[in-house]
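> Hey, dropping coords_32.pdb in here, PDB, C-alpha atoms, pLDDT in the B column:
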ATOM      1  CA  MET A 232     -26.771  -5.374  -7.332  1.00 51.00           C
ATOM      2  CA  ASP A 233     -26.804  -2.171  -5.310  1.00 53.00           C
ATOM      3  CA  GLY A 234     -24.207  -3.222  -2.712  1.00 53.00           C
ATOM      4  CA  THR A 235     -26.686  -3.173   0.165  1.00 66.00           C
ATOM      5  CA  ASP A 236     -27.159  -6.941   0.439  1.00 79.00           C
ATOM      6  CA  PRO A 237     -24.242  -8.943  -0.977  1.00 76.00           C
ATOM      7  CA  ALA A 238     -25.473 -12.098   0.807  1.00 81.00           C
ATOM      8  CA  GLY A 239     -28.903 -11.765  -0.824  1.00 84.00           C
ATOM      9  CA  GLU A 240     -27.299 -11.192  -4.216  1.00 86.00           C
ATOM     10  CA  LEU A 241     -25.098 -14.250  -3.721  1.00 88.00           C
ATOM     11  CA  ARG A 242     -28.154 -16.360  -2.819  1.00 91.00           C
ATOM     12  CA  HIS A 243     -29.941 -15.131  -5.943  1.00 90.00           C
ATOM     13  CA  ILE A 244     -26.934 -15.988  -8.141  1.00 92.00           C
ATOM     14  CA  HIS A 245     -26.731 -19.414  -6.501  1.00 92.00           C
ATOM     15  CA  GLU A 246     -30.411 -20.022  -7.283  1.00 93.00           C
ATOM     16  CA  VAL A 247     -29.895 -19.038 -10.929  1.00 93.00           C
ATOM     17  CA  VAL A 248     -26.849 -21.336 -11.163  1.00 93.00           C
ATOM     18  CA  ALA A 249     -28.917 -24.183  -9.710  1.00 94.00           C
ATOM     19  CA  GLY A 250     -31.653 -23.404 -12.227  1.00 93.00           C
ATOM     20  CA  ALA A 251     -29.111 -23.365 -15.073  1.00 93.00           C
ATOM     21  CA  ARG A 252     -27.786 -26.773 -13.978  1.00 94.00           C
ATOM     22  CA  ALA A 253     -31.325 -28.097 -14.028  1.00 94.00           C
ATOM     23  CA  GLY A 254     -31.983 -26.463 -17.406  1.00 92.00           C
ATOM     24  CA  ALA A 255     -34.624 -24.188 -15.885  1.00 91.00           C
ATOM     25  CA  ALA A 256     -33.014 -20.719 -16.136  1.00 88.00           C
ATOM     26  CA  ASP A 257     -34.020 -18.313 -18.864  1.00 92.00           C
ATOM     27  CA  ARG A 258     -31.771 -15.892 -20.711  1.00 93.00           C
ATOM     28  CA  ASP A 259     -32.774 -12.797 -18.702  1.00 93.00           C
ATOM     29  CA  GLN A 260     -32.185 -14.579 -15.390  1.00 92.00           C
ATOM     30  CA  LEU A 261     -28.745 -15.709 -16.566  1.00 94.00           C
ATOM     31  CA  LEU A 262     -27.765 -12.243 -17.804  1.00 94.00           C
ATOM     32  CA  THR A 263     -28.972 -10.631 -14.576  1.00 92.00           C
ATOM     33  CA  ALA A 264     -27.054 -13.205 -12.535  1.00 92.00           C
ATOM     34  CA  LEU A 265     -23.903 -12.614 -14.588  1.00 93.00           C
ATOM     35  CA  SER A 266     -24.201  -8.849 -14.075  1.00 92.00           C
ATOM     36  CA  GLY A 267     -24.759  -9.378 -10.370  1.00 90.00           C
ATOM     37  CA  LEU A 268     -21.776 -11.720 -10.216  1.00 90.00           C
ATOM     38  CA  ARG A 269     -19.545  -9.118 -11.858  1.00 90.00           C
ATOM     39  CA  LEU A 270     -20.662  -6.437  -9.397  1.00 88.00           C
ATOM     40  CA  LEU A 271     -20.239  -8.822  -6.473  1.00 88.00           C
ATOM     41  CA  ARG A 272     -16.756  -9.773  -7.705  1.00 86.00           C
ATOM     42  CA  ASP A 273     -15.821  -6.062  -7.912  1.00 83.00           C
ATOM     43  CA  GLU A 274     -17.118  -5.441  -4.411  1.00 85.00           C
ATOM     44  CA  LEU A 275     -15.244  -8.437  -2.987  1.00 83.00           C
ATOM     45  CA  ALA A 276     -12.076  -7.329  -4.766  1.00 81.00           C
ATOM     46  CA  SER A 277     -12.320  -3.910  -3.121  1.00 83.00           C
ATOM     47  CA  TRP A 278     -12.678  -5.507   0.322  1.00 90.00           C
ATOM     48  CA  GLU A 279      -9.505  -7.589   0.107  1.00 89.00           C
ATOM     49  CA  PRO A 280      -6.955  -4.740   0.166  1.00 89.00           C
ATOM     50  CA  GLU A 281      -8.960  -3.019   2.905  1.00 91.00           C
ATOM     51  CA  LEU A 282      -8.869  -6.155   5.039  1.00 94.00           C
ATOM     52  CA  ILE A 283      -5.158  -6.693   4.359  1.00 94.00           C
ATOM     53  CA  THR A 284      -4.411  -3.083   5.345  1.00 92.00           C
ATOM     54  CA  ALA A 285      -6.455  -3.500   8.539  1.00 96.00           C
ATOM     55  CA  ALA A 286      -4.734  -6.804   9.371  1.00 96.00           C
ATOM     56  CA  ARG A 287      -1.303  -5.208   8.857  1.00 94.00           C
ATOM     57  CA  ALA A 288      -2.330  -2.255  11.054  1.00 96.00           C
ATOM     58  CA  ALA A 289      -3.442  -4.770  13.702  1.00 97.00           C
ATOM     59  CA  GLY A 290       0.025  -6.325  13.657  1.00 96.00           C
ATOM     60  CA  ALA A 291      -0.372  -9.246  11.246  1.00 96.00           C
ATOM     61  CA  SER A 292       2.848 -10.102   9.436  1.00 95.00           C
ATOM     62  CA  TRP A 293       3.061 -10.985   5.753  1.00 93.00           C
ATOM     63  CA  VAL A 294       3.964 -14.518   6.872  1.00 95.00           C
ATOM     64  CA  ALA A 295       0.684 -14.768   8.824  1.00 96.00           C
ATOM     65  CA  LEU A 296      -1.308 -13.265   5.950  1.00 96.00           C
ATOM     66  CA  ALA A 297       0.067 -15.631   3.279  1.00 95.00           C
ATOM     67  CA  PRO A 298      -2.100 -18.678   4.170  1.00 96.00           C
ATOM     68  CA  ALA A 299      -5.192 -16.499   4.622  1.00 95.00           C
ATOM     69  CA  LEU A 300      -4.648 -15.145   1.096  1.00 94.00           C
ATOM     70  CA  GLY A 301      -4.013 -18.594  -0.327  1.00 93.00           C
ATOM     71  CA  VAL A 302      -0.387 -17.944  -1.254  1.00 93.00           C
ATOM     72  CA  ALA A 303       2.783 -19.751  -0.212  1.00 94.00           C
ATOM     73  CA  SER A 304       5.122 -16.986   0.961  1.00 93.00           C
ATOM     74  CA  ARG A 305       5.297 -13.580   2.566  1.00 91.00           C
ATOM     75  CA  GLN A 306       6.634 -12.204  -0.731  1.00 89.00           C
ATOM     76  CA  ALA A 307       3.622 -13.571  -2.607  1.00 90.00           C
ATOM     77  CA  ALA A 308       1.259 -12.088   0.000  1.00 91.00           C
ATOM     78  CA  GLU A 309       2.818  -8.645  -0.285  1.00 87.00           C
ATOM     79  CA  ARG A 310       2.912  -8.904  -4.078  1.00 85.00           C
ATOM     80  CA  ARG A 311      -0.806  -9.759  -4.135  1.00 87.00           C
ATOM     81  CA  TYR A 312      -1.565  -6.761  -1.915  1.00 86.00           C
ATOM     82  CA  LEU A 313       0.448  -4.422  -4.130  1.00 81.00           C
ATOM     83  CA  ARG A 314      -1.303  -5.727  -7.257  1.00 79.00           C
ATOM     84  CA  LEU A 315      -4.690  -5.015  -5.659  1.00 80.00           C
ATOM     85  CA  GLN A 316      -3.831  -1.506  -4.483  1.00 74.00           C
ATOM     86  CA  PRO A 317      -4.875   1.465  -6.591  1.00 64.00           C
ATOM     87  CA  SER A 318      -1.966   3.286  -8.183  1.00 60.00           C
ATOM     88  CA  HIS A 319      -0.694   6.470  -6.575  1.00 61.00           C
ATOM     89  CA  THR A 320       1.949   6.999  -9.242  1.00 60.00           C
ATOM     90  CA  GLY A 321       0.074   6.245 -12.468  1.00 60.00           C
ATOM     91  CA  GLU A 322       0.802   2.559 -13.079  1.00 56.00           C
ATOM     92  CA  THR A 323      -2.076   0.880 -14.836  1.00 57.00           C
ATOM     93  CA  THR A 324      -1.278  -2.749 -14.030  1.00 64.00           C
ATOM     94  CA  GLY A 325      -0.767  -4.635 -10.809  1.00 67.00           C
ATOM     95  CA  GLU A 326       2.700  -5.656 -11.925  1.00 73.00           C
ATOM     96  CA  GLY A 327       3.488  -2.007 -12.637  1.00 73.00           C
ATOM     97  CA  ARG A 328       2.545  -1.161  -9.050  1.00 72.00           C
ATOM     98  CA  VAL A 329       4.745  -3.998  -7.752  1.00 74.00           C
ATOM     99  CA  ASP A 330       7.656  -2.770  -9.883  1.00 77.00           C
ATOM    100  CA  ALA A 331       7.101   0.850  -8.817  1.00 77.00           C
ATOM    101  CA  GLU A 332       7.079  -0.125  -5.135  1.00 77.00           C
ATOM    102  CA  ARG A 333      10.271  -2.130  -5.582  1.00 81.00           C
ATOM    103  CA  ASP A 334      11.881   0.828  -7.373  1.00 82.00           C
ATOM    104  CA  ARG A 335      10.784   3.194  -4.605  1.00 82.00           C
ATOM    105  CA  ARG A 336      12.261   0.914  -1.950  1.00 83.00           C
ATOM    106  CA  ALA A 337      15.504   0.541  -3.930  1.00 88.00           C
ATOM    107  CA  GLY A 338      15.686   4.339  -4.176  1.00 90.00           C
ATOM    108  CA  ASP A 339      15.100   4.685  -0.439  1.00 89.00           C
ATOM    109  CA  ARG A 340      17.877   2.152   0.239  1.00 90.00           C
ATOM    110  CA  ALA A 341      20.262   3.988  -2.108  1.00 92.00           C
ATOM    111  CA  VAL A 342      19.583   7.326  -0.388  1.00 91.00           C
ATOM    112  CA  ALA A 343      20.017   5.757   3.057  1.00 90.00           C
ATOM    113  CA  ASP A 344      23.296   4.145   1.952  1.00 91.00           C
ATOM    114  CA  TRP A 345      24.518   7.513   0.641  1.00 93.00           C
ATOM    115  CA  ALA A 346      23.588   9.180   3.944  1.00 91.00           C
ATOM    116  CA  ARG A 347      25.496   6.548   5.903  1.00 91.00           C
ATOM    117  CA  ARG A 348      28.582   6.948   3.689  1.00 93.00           C
ATOM    118  CA  ASN A 349      28.404  10.725   4.143  1.00 92.00           C
ATOM    119  CA  SER A 350      27.428  10.641   7.802  1.00 92.00           C
ATOM    120  CA  ALA A 351      30.181  12.953   9.058  1.00 93.00           C
ATOM    121  CA  ILE A 352      29.351  15.687   6.544  1.00 93.00           C
ATOM    122  CA  LEU A 353      25.599  15.419   7.177  1.00 92.00           C
ATOM    123  CA  ARG A 354      26.080  15.554  10.949  1.00 92.00           C
ATOM    124  CA  ARG A 355      28.391  18.563  10.665  1.00 93.00           C
ATOM    125  CA  ILE A 356      25.875  20.467   8.497  1.00 92.00           C
ATOM    126  CA  ALA A 357      22.995  19.474  10.773  1.00 91.00           C
ATOM    127  CA  GLY A 358      24.974  20.560  13.829  1.00 92.00           C
ATOM    128  CA  GLN A 359      25.697  23.951  12.284  1.00 91.00           C
ATOM    129  CA  VAL A 360      22.045  24.473  11.303  1.00 89.00           C
ATOM    130  CA  SER A 361      20.681  23.381  14.682  1.00 88.00           C
ATOM    131  CA  ALA A 362      23.139  25.725  16.485  1.00 90.00           C
ATOM    132  CA  LEU A 363      22.000  28.863  14.634  1.00 89.00           C
ATOM    133  CA  ASP A 364      20.503  31.546  16.825  1.00 88.00           C
ATOM    134  CA  GLY A 365      18.280  34.554  16.209  1.00 88.00           C
ATOM    135  CA  LEU A 366      15.976  32.577  13.930  1.00 87.00           C
ATOM    136  CA  GLY A 367      12.337  33.331  13.253  1.00 85.00           C
ATOM    137  CA  PRO A 368       9.700  30.899  14.552  1.00 87.00           C
ATOM    138  CA  ALA A 369       9.461  28.759  11.392  1.00 85.00           C
ATOM    139  CA  ALA A 370      13.229  28.570  10.960  1.00 86.00           C
ATOM    140  CA  GLN A 371      13.709  27.789  14.659  1.00 88.00           C
ATOM    141  CA  GLU A 372      11.172  24.977  14.390  1.00 88.00           C
ATOM    142  CA  SER A 373      13.137  23.560  11.432  1.00 87.00           C
ATOM    143  CA  ALA A 374      16.412  23.884  13.358  1.00 89.00           C
ATOM    144  CA  ASP A 375      14.846  22.082  16.339  1.00 90.00           C
ATOM    145  CA  ARG A 376      13.681  19.194  14.104  1.00 89.00           C
ATOM    146  CA  ILE A 377      17.204  18.904  12.715  1.00 91.00           C
ATOM    147  CA  GLY A 378      18.655  18.931  16.241  1.00 90.00           C
ATOM    148  CA  ALA A 379      16.272  16.161  17.292  1.00 91.00           C
ATOM    149  CA  ALA A 380      17.260  14.084  14.236  1.00 90.00           C
ATOM    150  CA  LEU A 381      20.928  14.468  15.220  1.00 90.00           C
ATOM    151  CA  GLY A 382      20.196  12.252  18.212  1.00 88.00           C
ATOM    152  CA  ASP A 383      19.194   9.324  15.981  1.00 89.00           C
ATOM    153  CA  ASP A 384      21.776   6.627  15.257  1.00 89.00           C
ATOM    154  CA  ASP A 385      20.846   6.500  11.567  1.00 90.00           C
ATOM    155  CA  PRO A 386      22.139   9.530   9.621  1.00 89.00           C
ATOM    156  CA  ALA A 387      19.442   8.950   6.976  1.00 90.00           C
ATOM    157  CA  THR A 388      16.938  10.438   9.444  1.00 89.00           C
ATOM    158  CA  LEU A 389      18.704  13.776   8.972  1.00 90.00           C
ATOM    159  CA  LEU A 390      17.729  14.007   5.304  1.00 90.00           C
ATOM    160  CA  PRO A 391      13.993  14.888   5.593  1.00 90.00           C
ATOM    161  CA  PRO A 392      14.425  17.677   8.162  1.00 90.00           C
ATOM    162  CA  LEU A 393      17.443  19.078   6.299  1.00 89.00           C
ATOM    163  CA  ALA A 394      15.522  19.036   3.012  1.00 88.00           C
ATOM    164  CA  ALA A 395      12.522  20.734   4.657  1.00 86.00           C
ATOM    165  CA  ALA A 396      14.592  23.354   6.508  1.00 83.00           C
ATOM    166  CA  GLN A 397      13.121  26.830   6.435  1.00 65.00           C
ATOM    167  CA  PRO A 398      15.350  29.797   5.532  1.00 68.00           C
TER     168      PRO A 398
END
Any chance you could put this one into structure tokens?

Amino acid sequence: MDGTDPAGELRHIHEVVAGARAGAADRDQLLTALSGLRLLRDELASWEPELITAARAAGASWVALAPALGVASRQAAERRYLRLQPSHTGETTGEGRVDAERDRRAGDRAVADWARRNSAILRRIAGQVSALDGLGPAAQESADRIGAALGDDDPATLLPPLAAAQP
């Protein structure tokens, strides 16, 4: 299978299966069909995460995606998506990717909780940095980003611009 005509490949595999059921398929046909089936399965598997990503970008919720994916809950739909995604952090299994994503989210929640508990200190530092004058262009741009983040209700939004502040 060269990926140019999945429907034609599927028809060919179907014909070989029908021949096998009738006892009329030879070994080479069966091996070719099995190879084509494997390639087709790989191609279909690569389409699923792409379609899920596109559906999410189009506004589909995990709840809406669950029945389309043949699973019973939004958690199962998201878990399936994460298992299908290629690893960006080195995990070799789908479950490893699910665990890594959960760990990342737990880390993000912990940092946000810390920022909220230390809101007064963060806001004071951000206010001092954003009030500096006589800065060069890059530093002034950083100070302006920090000043803009000061207007947000959530103090966790201060962390990225503070961490990226230019000297």
> Tell me, as a PyMOL selection string, which residues lie within 10 Å of segment 280-283 of chain A, counting only C-alpha atoms; anything in the same chain fewer than 5 positions away does not count.
chain A and resi 275+288-289+291+293+296+299-300+308-309+311-317
> Between A:Ala343, A:Ser373, A:Gly365, A:Ile356, which residue has the minimum interatomic distance to Ala387 of chain A, considering all atoms listed in the file?
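That would be A:Ala343, the residue with the smallest distance to Ala387 of chain A.
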> Extract, using only C-alpha atoms, all DNA, RNA and protein residues at most 12 Å from Asp339 of chain A, discarding same-chain residues fewer than 6 positions from it, and format them as a short mmCIF file (atom, residue, chain, number, x, y, z; two decimals) with C-alpha atoms, keeping the file's coordinate frame.

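What landed in selection-v8.cif:
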data_model
loop_
_atom_site.label_atom_id
_atom_site.label_comp_id
_atom_site.auth_asym_id
_atom_site.auth_seq_id
_atom_site.Cartn_x
_atom_site.Cartn_y
_atom_site.Cartn_z
CA GLU A 332 7.08 -0.12 -5.14
CA ARG A 333 10.27 -2.13 -5.58
CA TRP A 345 24.52 7.51 0.64
CA ALA A 346 23.59 9.18 3.94
CA ALA A 387 19.44 8.95 6.98
CA THR A 388 16.94 10.44 9.44
CA LEU A 390 17.73 14.01 5.30
CA PRO A 391 13.99 14.89 5.59
#
> Looking at A:Leu241, A:Val329, A:Leu389, A:Ala337, which one is nearest to Ser350 of chain A, with distances taken over all atoms listed in the file?
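Closest residue, counting all atoms listed in the file: A:Leu389.
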> Calculated over only C-alpha atoms, which of the candidates A:Ser292, A:Ala396, A:Arg347, A:Val302 has the smallest distance to Leu366 of chain A?
A:Ala396
> Looking at only C-alpha atoms, which of A:Gly367, A:Gly267, A:Pro298, A:Pro386 is the one that sits closest to Asn349 of chain A?
A:Pro386
> Given only C-alpha atoms as the basis, pick out the residue of A:Gln371, A:Pro237, A:Val248, A:Ala255 nearest to Asp273 of chain A.
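Answer, going by the shortest atom-to-atom distance: A:Pro237.
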> Counting all atoms listed in the file, note down every residue that has an atom within 12 Å of the point (19.9, 23.8, 14.5) (file coordinates), as a count of residues only.
32
> Would you mind telling me which residue in A:Gly254, A:Val294, A:Asp385, A:Arg269 lies nearest to Ala307 of chain A when using all atoms listed in the file?
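Result for the nearest residue to Ala307 of chain A: A:Val294.
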> Between atom CA of Ala264 of chain A and atom CA of Val247 of chain A, what is the distance, to one decimal in Å?
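Result for atom CA of Ala264 of chain A versus atom CA of Val247 of chain A: 6.7 Å, one decimal.
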> Please indicate the distance in Å from atom CA of Ile352 of chain A to atom CA of Arg340 of chain A, rounded to one decimal place.
18.8 Å
> For Leu265 of chain A, list every protein, DNA or RNA residue within 12 Å, evaluated using only C-alpha atoms, and leave out those in the same chain fewer than 6 positions away; present the list as a VMD selection string.
chain A and resid 232 240 to 241 243 to 245 247 to 248 251 258 to 259 271 to 272
> Could you please determine the separation between atom CA of Arg242 of chain A and atom CA of Leu268 of chain A in Å, to one decimal place?
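These atoms are spaced 10.8 Å apart.
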> Any chance you could work out the axis-aligned box around segment 308-312 of chain A, listed atoms only, 4 Å on each side, giving centre and edge lengths in Å to one decimal, as lines of an AutoDock Vina configuration file?

center_x = 0.7
center_y = -9.4
center_z = -2.1
size_x = 12.5
size_y = 13.3
size_z = 12.1
